[in-house]
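**Q** The structure follows.
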Amino acid sequence: MFNNLLLVVQGLAAAIGVYQIILSFFGWYRRKERLTHKPTKSFALLVAAHNEEAVVGALIENLLKMDYPRELFDIFVICDNCTDNTAAITRKYEGVHAFERTNPNERGKGFAIEWMLKELWKHPRQYDSIVMFDADNLVATNFLQYMNEDLCNGHRVIQGYLDTKNPHDSWISAANGITYWFCNRLWQLPRYNLKLSNFLGGTGMCFETKLLKDMGWGATSLVEDLEFTVRCIQRGIYPKFNYDARVYDEKPITFRASARQRLRWMQGHFDVSRRYMLPLLWQGIRERSLVKIDAALYIFNAFIYLLGFLITMALWFDVMLPGDPHLTSIYAKMPLGLSLSIVLYGYLQCPIAMLMERVHWKMYLKLLLFPVFFLSWWPIAFYAFFTQNNKTWSHTEHTRVIRLEEVQGKQM
């Protein structure tokens with residue numbers, strides 16, 4: 001009986017995996033974004049910062065060089081519970097606003113954004129759109145041009161292409177870079193090509209001001225980006241992915257820092273999945289909306305990681321017991337050619353994505369350790385499931401200053 005139940009669970013997980021594999025083929029092509037509208041939209045650029053004195057200056061200097069009319073955008077740095085010189089450094093730049101917030105009981109970017117938006121609505125100047133960055137980011141100078149284009153074309157929520165600014169620093173930052181190239185090309189782009197909803201990634205996000213005022217932010221979980229995405233999809237507002245609008249995010253260089261960051265993400269993901277997955281799935285079935293069904297399956301991914309870990313552990317433990325195995329892998333039930341094809345393509349998706357993204361050949365050497373990084377998600381997901389009620393926000397420290405010219409000057 002347990003074996004039959006295990007096969008059913010494996011079948012569910014495998015079906016979702018096969019669905020994602022089929023979806024990925026629609027990322028094998030892309031249409032280049034076109035710029036046809038003149039700059040007309042005004043932007044408030046919000047920079048979330050907690051003790052970011054080492055890197056915030058580089059981002060501000062980067063944003064001041066945006067290839068967009070200076071009178072059409074302003075920069076606001078949210079100095080959230082800072083105990084360093086983040087605010088003082090911000091004020092050194094003419095025309096850049098530093099907003100200091102102190103609330104030790106409500107820590108995290110979600111709370112900081114919610115507070116900042118309320119302050120922004122009271123600001124003498126109002127803006128057509130709000131763009132959000134993290135203090136460790138670097139941004140392509142044409143980013144606002146693409147946001148202006150999408151807003152003029154009627155899109156209300158836009159996510160830029162999230163790249164990694166330091167993939168060469170360590171095998172951990174390289175693994176994060178590989179993950180981002182894969183997700184951009186074979187998760188986000190297929191959904192854009194198929195007119196499904198894309199998903200926000202925490203930074204490089206653009207929102208129509210009217211939408212934010214109507215909906216309110218209301219996303220204060222550990223994964224505020226995913227939470228706000230789901231709230232949009234429930235209302236029939238589908239975020240759009242702009243492949244050519246690049247944002248470079250700094251990634252941890254040690255396994256410990258990466259594990260802590262991913263634990264926070266996974267705890268938040270379980271929380272959002274628990275609260276939104278079934279209602280969104282039922283809404284999609286009731287409305288016959290593939291967009292909402294796809295979104296529900298997407299936010300179920302945290303449980304897929306957990307199931308993958310538990311199923312693998314059960315099968316390995318069964319093999320180690322004396323006598324013949326009692327449990328059956330679903331792949332043993334498939335024709336050999338089919339099971340091998342699924343497993344092979346699953347392993348090849350990352351190098352395929354890297355090839356399509358024209359990643360420098362030296363980065364392919366980092367694939368040797370990528371399975372270690374990938375498999376480490378399993379115990380992280382297991383621990384996150386039992387600690388998902390922990391809402392303590394953990395800060396990822398950034399200490400290395402990298403300029404946009406350095407990132408763009410390297411052939412990835």
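Going through the structure tokens in order, the chains are called A, B, and so on, while each chain numbers its residues from 1 and the ligands are numbered from 1 in the order shown.
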As a VMD selection string, which residues of range 221-312 of chain A does DSSP assign to helix (DSSP H, G or I)?

**A** chain A and resid 224 to 234 255 to 287 290 to 299 301 to 312

**Q** Which residues in range 209-364 of chain A does DSSP call strand (DSSP E or B)? List them as an mmCIF file with N, CA and C atoms, in the first residue's frame.

**A**
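What follows is the written file out_6.cif:
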data_model
loop_
_atom_site.group_PDB
_atom_site.id
_atom_site.type_symbol
_atom_site.label_atom_id
_atom_site.label_comp_id
_atom_site.auth_asym_id
_atom_site.auth_seq_id
_atom_site.Cartn_x
_atom_site.Cartn_y
_atom_site.Cartn_z
ATOM 1 N N LYS A 240 4.903 40.992 -16.763
ATOM 2 C CA LYS A 240 5.552 40.736 -18.047
ATOM 3 C C LYS A 240 7.066 40.715 -17.878
ATOM 4 N N PHE A 241 7.735 39.811 -18.555
ATOM 5 C CA PHE A 241 9.185 39.677 -18.503
ATOM 6 C C PHE A 241 9.807 40.439 -19.663
ATOM 7 N N ASN A 242 10.770 41.320 -19.357
ATOM 8 C CA ASN A 242 11.486 42.033 -20.418
ATOM 9 C C ASN A 242 12.917 41.501 -20.463
ATOM 10 N N TYR A 243 13.193 40.693 -21.459
ATOM 11 C CA TYR A 243 14.471 40.004 -21.578
ATOM 12 C C TYR A 243 15.645 40.972 -21.748
ATOM 13 N N ASP A 244 15.414 42.118 -22.374
ATOM 14 C CA ASP A 244 16.505 43.030 -22.713
ATOM 15 C C ASP A 244 16.772 44.086 -21.650
ATOM 16 N N ALA A 245 15.980 44.135 -20.603
ATOM 17 C CA ALA A 245 16.183 45.095 -19.506
ATOM 18 C C ALA A 245 16.976 44.400 -18.410
ATOM 19 N N ARG A 246 18.286 44.661 -18.349
ATOM 20 C CA ARG A 246 19.190 43.883 -17.509
ATOM 21 C C ARG A 246 19.442 44.519 -16.148
ATOM 22 N N VAL A 247 19.403 43.667 -15.124
ATOM 23 C CA VAL A 247 19.798 44.039 -13.763
ATOM 24 C C VAL A 247 20.800 42.994 -13.287
ATOM 25 N N TYR A 248 21.886 43.460 -12.679
ATOM 26 C CA TYR A 248 22.936 42.560 -12.207
ATOM 27 C C TYR A 248 22.901 42.526 -10.684
ATOM 28 N N ASP A 249 22.678 41.329 -10.150
ATOM 29 C CA ASP A 249 22.502 41.139 -8.714
ATOM 30 C C ASP A 249 23.733 40.460 -8.125
#

**Q** When distances are computed from only C-alpha atoms, which of A:Gln126, A:Gly160, A:Ile311, A:Tyr347 shows the smallest separation from Leu189 in chain A?

**A**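 Smallest distance to Leu189 in chain A is found for A:Gly160.
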
**Q** Name all residues at most 10 Å from range 33-44 of chain A (count only C-alpha atoms; drop same-chain ones fewer than 2 positions away) and give them as a VMD selection string.

**A** chain A and resid 30 to 31 46 to 47 68 to 76 120 125 to 132 144 to 153 206 to 209 242 to 245

**Q** I need the residues from that last selection saved to file as a compact mmCIF listing (two decimals), in the first residue's frame (with C-alpha atoms), if you can.

**A**
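Final output, out22.txt:
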# COMPACT_ATOMS: atom_id res chain seq x y z
CA ARG A 30 13.09 34.83 -28.47
CA ARG A 31 11.90 38.05 -30.06
CA LEU A 46 13.33 52.87 -4.92
CA VAL A 47 16.50 51.30 -3.56
CA TYR A 68 16.87 58.46 -19.86
CA PRO A 69 15.87 62.12 -19.35
CA ARG A 70 17.03 63.09 -15.87
CA GLU A 71 13.92 65.16 -15.22
CA LEU A 72 11.78 62.03 -15.61
CA PHE A 73 13.18 60.01 -12.71
CA ASP A 74 14.15 60.49 -9.07
CA ILE A 75 16.09 58.17 -6.77
CA PHE A 76 14.92 57.24 -3.27
CA LEU A 120 6.03 58.41 -1.47
CA ARG A 125 5.85 64.99 -6.91
CA GLN A 126 3.92 62.00 -8.16
CA TYR A 127 5.24 59.49 -10.70
CA ASP A 128 3.78 57.29 -13.42
CA SER A 129 5.64 54.25 -12.21
CA ILE A 130 7.71 52.80 -9.37
CA VAL A 131 10.87 50.77 -10.01
CA MET A 132 12.50 48.75 -7.23
CA LEU A 144 14.21 52.71 -18.08
CA GLN A 145 13.82 52.90 -21.84
CA TYR A 146 12.46 49.37 -21.85
CA MET A 147 10.24 50.05 -18.84
CA ASN A 148 8.87 53.14 -20.61
CA GLU A 149 8.17 51.03 -23.70
CA ASP A 150 6.28 48.34 -21.76
CA LEU A 151 4.25 50.89 -19.80
CA CYS A 152 3.31 52.70 -23.01
CA ASN A 153 2.21 49.35 -24.44
CA CYS A 206 8.52 48.04 -12.37
CA PHE A 207 4.95 48.85 -11.27
CA GLU A 208 2.35 51.24 -12.56
CA THR A 209 1.72 53.72 -9.74
CA ASN A 242 11.49 42.03 -20.42
CA TYR A 243 14.47 40.00 -21.58
CA ASP A 244 16.51 43.03 -22.71
CA ALA A 245 16.18 45.10 -19.51

**Q** Taking into account only C-alpha atoms, which residue in the set A:Met215, A:Thr254, A:Ile16, A:Ser329 is nearest to Ala296 in chain A?

**A**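 Looking at the shortest contact to Ala296 in chain A, the residue is A:Ile16.
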
**Q** Please provide the set of residues having any atom within 12 Å of Lys109 in chain A, restricted to only C-alpha atoms, with same-chain residues fewer than 6 positions apart removed, written as number ranges by chain.

**A** A: 46-50, 78-81, 101, 103, 115-116, 132-135, 202-203, 217-225, 392-396

**Q** Can you tell me which residues surround Cys183 in chain A at a distance of at most 10 Å, considering only C-alpha atoms, apart from same-chain residues fewer than 6 positions away, and format the answer as a ChimeraX atom specification?

**A** /A:24,161-162,177,189-190,350,353

**Q** Measuring atom to atom with only C-alpha atoms, identify which of A:Arg262, A:Asp318, A:Ser197, A:Met66 is nearest to Asn142 in chain A.

**A**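 Selected residue with least distance to Asn142 in chain A: A:Met66.
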
**Q** So what do you get for CA of Cys82 in chain A versus CA of Asn51 in chain A, distance-wise?

**A** 5.0 Å

**Q** Nearest residue to Lys333 in chain A out of A:Gly11, A:Thr102, A:Met1, A:Lys362, using only C-alpha atoms?

**A**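 Between A:Gly11, A:Thr102, A:Met1, A:Lys362, the residue approaching Lys333 in chain A most closely is A:Gly11.
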
**Q** Restricting the calculation to only C-alpha atoms: of A:Tyr93, A:Trp377, A:Trp187, A:Tyr19, which residue gets closest to Gly57 in chain A?

**A**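 Checking each candidate against Gly57 in chain A, we get A:Tyr93 as the closest.
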
**Q** Pick from A:Leu278, A:Val291, A:Ala98, A:Leu186: nearest to Ile352 in chain A, with only C-alpha atoms counted?

**A**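 Looking at the shortest contact to Ile352 in chain A, the residue is A:Leu186.
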
**Q** Tell me which protein, DNA and RNA residues are within 10 Å of Leu226 in chain A, counting only C-alpha atoms, leaving out same-chain ones fewer than 5 positions away, and put them as a list of chain:residue names.

**A**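 Residues near the query, excluding close chain neighbours: A:Phe199, A:Leu200, A:Gly201, A:Gly202, A:Ala219, A:Ser221, A:Arg231, A:Cys232, A:Trp265, A:Gly268, A:His269, A:Val272, A:Ser273, A:Ile299.
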
**Q** In Å, with one decimal, what is the gap from CA of Val319 in chain A to CA of Tyr305 in chain A?

**A** 21.4 Å
